[in-house]
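**Q** Here you go, one structure.
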Amino acid sequence: MEILKTYKLYIGGQFPRTESGRSYQIQSAAGQAIANACLGSKKDIRNAVQAARKAQTGWVNKSAFNRSQIIYRIAEMLESRKVQFIDELMLMGQTEQSAVEEVQLSIDRLVYYAGWADKYQALSSSVNPVSSSHFNFSVPEPMGVVGVVACQKTALLGLISQTIPLLVGGNTVVVIANTLKALSAISFAEVLATSDVPGGVVNILTGDVAEMLPTLAGHMDVNALSLSTIPEDLSRSAQEAAIDNLKRCQLYHLDFSAPQNQGLQFITDFLEIKTTWHPIEQVASGIGGY
Amino acid sequence: MSSTNWNLEPSLESTAVVQLQEQYDLYIDGKWQAPQEKKYFATSNPADESHLSNIAWATEADVAIAVKAARNAYENVWSKLSGAERGKYLFRIARLMQEKSRELAVLETLDGGKPIKESRDIDLPLACNHFFYYAGWADKLSAAFPGKRIESLGVAAQITPWNFPLLMLAWKIAPALACGNTVVLKPAETTSLTALKFAEICQEADLPAGVVNIVTGHGDTGALLVSHPDIDKIAFTGSTAVGKQIQKACIGTNKKLTLELGGKSANIILEDAPIDQAVEGVVNAIFFNQGHVCCAGSRLFVQESIAARVIEKLKFRLQSIYVGNPLDKNTDIGAINSKKQLETIERYIQLGQEEGAEIYQPACKLPSKGYYCPPTLFTDVAQSARIAQEEIFGPVLAIQTFRTIDEVLQKANNSPYGLAAGVWTDKGARIFGLSSQLQAGVVWANTYNKFDPASPFGGYKESGFGREGGLHGLSAYLKITQ
């Protein structure tokens, strides 16, 4: 007899069931039940935000090189489970060719962004020639905790394309997965959990976007939102709720399989620029400065 | 320490250099146009409540005409000019502003109440330099974003505040024009005059009609402008509350938005800091421009071991701060910008006392007419006190103490705002340690309230988003794609 997998949530590095004790059916293209997924709740969102906040300082304080290695490790882990992901995508209705392509592209994307983790800083910072005797420089910093509604078309590629650049920039994330194709998201969480990604850096919830998004969008400890294509009224009310603490909102109506939809921009979209004025002492008779 | 009795002879800047008209129309499409509904409002000098001029109050029809003029100028003239030609206009404007800098400085002081020494030595040079700086970017945009496709956005709606009227105009118009956009700018209702003088400069510079349009009015005019459907970009500097309304109005549109909003910035003195220098820095951080500064260091955190000494020195220093006629070159703190703002500040001073904080104000003789507020310190302020949490926008400082760096970082970051911060310490390595952990868009080390056209400015969290100034200020006015 086959052992069926229980798909749970991924919060704070753990795999808890939803606190609401509910689940929903994931179906194949033919409408057959293939697994149950957790129907995440508002409380789950709040727990996930708390975990993401707790993990944020530790994540941003890892060296950029280390973040790069960890993200590359995710690629390695995904590669080693490639077959499982292809099977799962096919189970949820994709053709073999499209499943293979999506998983391969997902791995490539992880490798691509892994390389960015210690390079985007040089490209988005500046030393500014101010008129006074100061070393004045601008550097990027993460926004903090970002709420993500993952692509609702793809099961894996969109989630990776939206989430990984945020990690590269030092943010931690709370992701609402593709509702109908939720299995890949939770399997990806298993990849994360075995890839040296500290608990809480990525939190993944499955369930109804309409139920969970208002809590995520209105949460005062979330700094920004990354929204994929979702129903207009839902997107609008999320953006309205986001105003309470002036969350930065990015709307991605994108096909992430297109090559132009990976790049530095997806990292810098969730960075702040900090400018520091550091004094320069005028020593001896020399005139120093930058 | 005994108090020093300063009796300075008044040294008044002459106002003869300023020529004001009795009435100002709207500056649209390179011409002065009377408002469609023929409504005007009075603007006065907050230093003595005297009448200065009457200014057009733009309504919906005027805003529509102005946006149309800006659109025409964008489509037919400005977007077709080369970057080098756009740059030449901006260089010319910068030079004309420099030539008229005294007139503009005196007018800024008359209309807004800021001390002449600040408008003369800070606002004007910075505003001129900002045009000069961005003029040079106009033909180098592709070098700024190598490998990217860059396009101008179109028509920018820009709303400026009353605390640095001409400087904020420069922060908005210079990068917008350099990047190839045209603008409709609404200055704050209490301080529109230098923007109208700037319109005269645009005429004198032969700037093509419609590239810069100035529509004056109150908040309703600004609301009409930002909600106009033919706007591509909104740049707003002002209160967080209004910024949120604008963000809401932009949902579902393609308008690109940058917001520069309020703050409650922390100024931190560590025990190894050069104390006299730090005390001067605190005075500059909170009393510069009457405290009407979004990035004002309005929360002071002093390490416990030196707190008594710092507070004593601060109180002594406050006694020699000269509050009075903004036109007097001796004046440190001029007039509060408006009666309404003075009432807000006084309400917070009352509240601070009710909240149990201890108040200190030096004895100073305030002019009998006009709106004035003495420099005010609060000690024993609780972290939860409203005077430690909310933006007052006046010369009121809330002082708290701390023991460890962990503690002060937590307190400093415990604010919905994140505009700026100050750090005072003798140790360079410690500066970086703190500055990297402060959630603020600008961190000043052993200085405060320094600005430069080359230095990006803007906030974290509820202090807004987007940057003004420097290389980073360009992307607010461009569409950049891979």
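The way I read the labels, and the way they are meant: chains A, B, ... in the order of the structure tokens, residue 1 as the first residue of every chain, and ligand 1 as the first ligand shown, with later ones counted on from there.
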Find the residues around range 253-262 of chain A up to 12 Å (only C-alpha atoms counted), leave out those fewer than 5 positions away in its own chain, and share them as a ChimeraX atom specification.
**A** /A:98,101-106,108-113,116,149-165,226-232,235,267-268 /B:148,481-482
**Q** Within 6 Å of chain A, which residues of chain B are there when counting only C-alpha atoms? Please give them as a list in words.
**A**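 Listing them in order of chain and number gives Gly441, Val442, Val443, Trp444, Ala445, Asp452, Ala454, Ser455 and Glu462 of chain B.
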**Q** Identify, with DSSP run on backbone atoms, the residues in range 123-240 of chain A assigned to helix (DSSP H, G or I), and express the list as a short mmCIF file (atom, residue, chain, number, x, y, z; two decimals) with N, CA, C and O atoms, in the first residue's frame.
**A**
data_model
loop_
_atom_site.label_atom_id
_atom_site.label_comp_id
_atom_site.auth_asym_id
_atom_site.auth_seq_id
_atom_site.Cartn_x
_atom_site.Cartn_y
_atom_site.Cartn_z
N LEU A 123 26.47 47.37 -7.64
CA LEU A 123 25.81 48.03 -8.76
C LEU A 123 24.73 49.01 -8.34
O LEU A 123 24.30 49.84 -9.12
N SER A 124 24.26 48.92 -7.10
CA SER A 124 23.21 49.86 -6.71
C SER A 124 23.66 50.82 -5.62
O SER A 124 22.85 51.52 -5.04
N LEU A 157 7.82 27.84 -10.66
CA LEU A 157 8.69 28.85 -11.26
C LEU A 157 8.37 30.26 -10.76
O LEU A 157 9.27 31.04 -10.43
N GLY A 158 7.10 30.59 -10.67
CA GLY A 158 6.70 31.93 -10.23
C GLY A 158 7.10 32.15 -8.78
O GLY A 158 7.65 33.19 -8.41
N LEU A 159 6.85 31.15 -7.96
CA LEU A 159 7.19 31.24 -6.54
C LEU A 159 8.69 31.50 -6.37
O LEU A 159 9.11 32.37 -5.60
N ILE A 160 9.49 30.78 -7.12
CA ILE A 160 10.95 30.94 -7.04
C ILE A 160 11.36 32.31 -7.60
O ILE A 160 12.17 33.02 -7.00
N SER A 161 10.75 32.69 -8.72
CA SER A 161 11.13 33.95 -9.36
C SER A 161 10.76 35.17 -8.52
O SER A 161 11.40 36.20 -8.60
N GLN A 162 9.70 35.05 -7.73
CA GLN A 162 9.31 36.16 -6.88
C GLN A 162 10.05 36.17 -5.55
O GLN A 162 10.33 37.22 -4.99
N THR A 163 10.32 34.96 -5.04
CA THR A 163 10.83 34.86 -3.67
C THR A 163 12.35 34.97 -3.58
O THR A 163 12.87 35.66 -2.70
N ILE A 164 13.05 34.30 -4.48
CA ILE A 164 14.51 34.22 -4.34
C ILE A 164 15.20 35.58 -4.44
O ILE A 164 16.10 35.89 -3.64
N PRO A 165 14.80 36.46 -5.39
CA PRO A 165 15.45 37.78 -5.40
C PRO A 165 15.27 38.56 -4.09
O PRO A 165 16.14 39.35 -3.72
N LEU A 166 14.17 38.31 -3.40
CA LEU A 166 13.95 38.98 -2.11
C LEU A 166 14.96 38.48 -1.09
O LEU A 166 15.51 39.24 -0.29
N LEU A 167 15.21 37.18 -1.12
CA LEU A 167 16.20 36.58 -0.21
C LEU A 167 17.60 37.09 -0.52
O LEU A 167 18.39 37.37 0.38
N VAL A 168 17.88 37.21 -1.81
CA VAL A 168 19.18 37.72 -2.24
C VAL A 168 19.43 39.08 -1.58
O VAL A 168 20.51 39.37 -1.08
N LEU A 183 0.93 21.85 -4.27
CA LEU A 183 1.83 20.79 -3.83
C LEU A 183 3.31 21.14 -4.02
O LEU A 183 4.14 20.90 -3.15
N SER A 184 3.63 21.75 -5.17
CA SER A 184 5.04 22.07 -5.46
C SER A 184 5.59 23.04 -4.43
O SER A 184 6.77 22.97 -4.07
N ALA A 185 4.76 23.96 -3.96
CA ALA A 185 5.22 24.96 -3.00
C ALA A 185 5.66 24.29 -1.71
O ALA A 185 6.70 24.65 -1.14
N ILE A 186 4.90 23.31 -1.26
CA ILE A 186 5.24 22.66 0.00
C ILE A 186 6.43 21.70 -0.20
O ILE A 186 7.30 21.59 0.66
N SER A 187 6.48 21.08 -1.35
CA SER A 187 7.67 20.26 -1.63
C SER A 187 8.91 21.14 -1.71
O SER A 187 9.99 20.74 -1.30
N PHE A 188 8.73 22.36 -2.25
CA PHE A 188 9.85 23.29 -2.30
C PHE A 188 10.27 23.70 -0.88
O PHE A 188 11.45 23.90 -0.60
N ALA A 189 9.30 23.81 0.01
CA ALA A 189 9.63 24.11 1.41
C ALA A 189 10.52 23.02 1.99
O ALA A 189 11.42 23.31 2.78
N GLU A 190 10.28 21.79 1.57
CA GLU A 190 11.13 20.68 2.05
C GLU A 190 12.56 20.84 1.51
O GLU A 190 13.53 20.51 2.20
N VAL A 191 12.66 21.37 0.30
CA VAL A 191 13.98 21.67 -0.27
C VAL A 191 14.66 22.75 0.56
O VAL A 191 15.84 22.64 0.92
N LEU A 192 13.90 23.79 0.87
CA LEU A 192 14.45 24.89 1.66
C LEU A 192 14.93 24.41 3.03
O LEU A 192 16.00 24.79 3.52
N ALA A 193 14.12 23.55 3.61
CA ALA A 193 14.43 23.08 4.97
C ALA A 193 15.71 22.26 5.02
O ALA A 193 16.31 22.11 6.07
N VAL A 209 -6.34 32.62 -1.21
CA VAL A 209 -5.71 33.94 -1.24
C VAL A 209 -6.65 34.98 -0.63
O VAL A 209 -6.25 35.84 0.17
N ALA A 210 -7.91 34.90 -1.01
CA ALA A 210 -8.88 35.90 -0.54
C ALA A 210 -9.02 35.90 0.98
O ALA A 210 -9.30 36.92 1.59
N GLU A 211 -8.81 34.74 1.59
CA GLU A 211 -8.94 34.68 3.05
C GLU A 211 -7.68 35.21 3.75
O GLU A 211 -7.77 35.92 4.75
N MET A 212 -6.52 34.89 3.20
CA MET A 212 -5.28 35.23 3.92
C MET A 212 -4.67 36.58 3.55
O MET A 212 -4.04 37.23 4.38
N LEU A 213 -4.87 37.00 2.30
CA LEU A 213 -4.18 38.21 1.84
C LEU A 213 -4.53 39.47 2.64
O LEU A 213 -3.64 40.27 2.93
N PRO A 214 -5.81 39.68 2.99
CA PRO A 214 -6.10 40.91 3.74
C PRO A 214 -5.28 41.03 5.03
O PRO A 214 -4.81 42.12 5.37
N THR A 215 -5.06 39.92 5.71
CA THR A 215 -4.28 39.95 6.95
C THR A 215 -2.81 40.26 6.65
O THR A 215 -2.17 41.04 7.35
N LEU A 216 -2.31 39.65 5.59
CA LEU A 216 -0.92 39.89 5.20
C LEU A 216 -0.73 41.34 4.75
O LEU A 216 0.21 42.02 5.16
N ALA A 217 -1.66 41.81 3.93
CA ALA A 217 -1.53 43.16 3.36
C ALA A 217 -1.71 44.24 4.43
O ALA A 217 -1.14 45.31 4.34
N GLY A 218 -2.51 43.94 5.44
CA GLY A 218 -2.77 44.93 6.48
C GLY A 218 -1.84 44.81 7.67
O GLY A 218 -1.89 45.63 8.59
N GLU A 232 -8.81 41.40 -9.70
CA GLU A 232 -8.64 42.85 -9.57
C GLU A 232 -9.11 43.38 -8.21
O GLU A 232 -8.41 44.17 -7.57
N ASP A 233 -10.28 42.94 -7.76
CA ASP A 233 -10.81 43.48 -6.50
C ASP A 233 -9.94 43.07 -5.32
O ASP A 233 -9.73 43.82 -4.37
N LEU A 234 -9.38 41.88 -5.41
CA LEU A 234 -8.52 41.36 -4.34
C LEU A 234 -7.21 42.16 -4.29
O LEU A 234 -6.72 42.54 -3.22
N SER A 235 -6.67 42.40 -5.47
CA SER A 235 -5.43 43.16 -5.57
C SER A 235 -5.63 44.58 -5.05
O SER A 235 -4.82 45.12 -4.30
N ARG A 236 -6.76 45.14 -5.44
CA ARG A 236 -7.06 46.52 -5.05
C ARG A 236 -7.21 46.64 -3.53
O ARG A 236 -6.63 47.52 -2.90
N SER A 237 -7.97 45.71 -2.94
CA SER A 237 -8.18 45.83 -1.49
C SER A 237 -6.88 45.55 -0.73
O SER A 237 -6.63 46.12 0.33
N ALA A 238 -6.01 44.70 -1.29
CA ALA A 238 -4.70 44.47 -0.66
C ALA A 238 -3.87 45.73 -0.70
O ALA A 238 -3.23 46.12 0.28
N GLN A 239 -3.88 46.40 -1.85
CA GLN A 239 -3.10 47.63 -1.96
C GLN A 239 -3.64 48.71 -1.04
O GLN A 239 -2.89 49.53 -0.51
N GLU A 240 -4.95 48.71 -0.85
CA GLU A 240 -5.54 49.69 0.08
C GLU A 240 -5.12 49.39 1.51
O GLU A 240 -4.75 50.28 2.27
#
**Q** With distances taken over only C-alpha atoms, which residue among A:Gln282, A:Lys43, A:Lys54, A:Val148 lies nearest Gln250 in chain A?
**A** A:Val148
**Q** Quick one: DSSP strand (DSSP E or B) residues in range 297-353 of chain B, as a ChimeraX atom specification?
**A** /B:299-303,323,328,333
**Q** For Leu205 in chain A, work out the shell of residues within 7 Å, counting only C-alpha atoms and skipping chain neighbours fewer than 5 positions away, then give it as a PyMOL selection string.
**A** chain A and resi 9-10+40+175-177
**Q** Which one is closest to Ala308 in chain B: B:Gln400, B:Pro10, B:Ser227, B:Arg86? Count only C-alpha atoms.
**A**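 For Ala308 in chain B, the nearest of the given residues is B:Gln400.
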**Q** Got a sec: who's within 12 Å of Ala156 in chain B, counting only C-alpha atoms, leaving out chain neighbours fewer than 2 positions off, as a PyMOL selection string?
**A** chain B and resi 66-68+70-71+74+152-154+158-159+172-177+179-186+210-214+225-236+255-258+476-478
**Q** Neighbouring residues of Ala127 in chain B were defined as those with any atom within 9 Å, considering only C-alpha atoms; residues of the same chain fewer than 4 positions away were excluded. Please report them as a CSV table (one decimal) with N, CA and C atoms, in the first residue's frame.
**A**
chain,number,residue,atom,x,y,z
B,94,ALA,N,19.7,77.6,-13.5
B,94,ALA,CA,20.6,77.6,-12.3
B,94,ALA,C,21.3,79.0,-12.2
B,97,MET,N,19.0,81.8,-11.3
B,97,MET,CA,18.7,81.7,-9.8
B,97,MET,C,19.8,82.3,-9.0
B,122,ILE,N,21.7,78.6,3.0
B,122,ILE,CA,21.4,77.2,2.9
B,122,ILE,C,20.4,76.9,1.7
B,123,ASP,N,19.2,77.5,1.9
B,123,ASP,CA,18.1,77.2,0.9
B,123,ASP,C,18.5,77.6,-0.5
B,131,PHE,N,19.8,72.5,-9.4
B,131,PHE,CA,19.6,72.7,-10.9
B,131,PHE,C,20.9,72.5,-11.6
B,132,PHE,N,21.9,73.0,-11.1
B,132,PHE,CA,23.2,72.9,-11.8
B,132,PHE,C,23.6,71.4,-11.8
B,166,LEU,N,11.4,76.8,-2.1
B,166,LEU,CA,12.2,76.9,-3.3
B,166,LEU,C,13.1,75.7,-3.4
B,167,LEU,N,13.7,75.2,-2.3
B,167,LEU,CA,14.6,74.1,-2.4
B,167,LEU,C,13.8,72.8,-2.8
B,168,MET,N,12.6,72.7,-2.3
B,168,MET,CA,11.8,71.5,-2.6
B,168,MET,C,11.4,71.6,-4.1
B,169,LEU,N,11.1,72.8,-4.5
B,169,LEU,CA,10.8,73.0,-6.0
B,169,LEU,C,12.0,72.5,-6.8
B,170,ALA,N,13.2,72.9,-6.4
B,170,ALA,CA,14.4,72.5,-7.1
B,170,ALA,C,14.5,71.0,-7.1
B,171,TRP,N,14.3,70.4,-5.9
B,171,TRP,CA,14.4,68.9,-5.8
B,171,TRP,C,13.5,68.2,-6.8
B,453,PRO,N,23.2,68.2,-3.4
B,453,PRO,CA,22.5,67.7,-4.6
B,453,PRO,C,23.0,66.3,-4.9
**Q** Go through range 210-230 of chain B and flag each residue having an atom no more than 10 Å from range 33-51 of chain B; for those, report the closest pair of atoms plus their distance in Å to one decimal, using only C-alpha atoms, ordered by chain and rising number, as a tab-separated table.
**A**
residue	atom	partner	partner_atom	distance
B:Val215	CA	B:Pro35	CA	9.3
B:Thr216	CA	B:Tyr40	CA	9.4
B:Gly217	CA	B:Phe41	CA	8.0
B:His218	CA	B:Phe41	CA	9.1
**Q** Find the residues near range 325-334 of chain B: any atom within 6 Å, counting only C-alpha atoms, skip ones fewer than 3 places away on the same chain, and give them as a list in words.
**A**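 Surrounding residues, per the criterion: Ser11, Leu12, Glu13, Gly113, Lys114, Pro115, Ile116, Lys117, Gln290 and Tyr322 of chain B.
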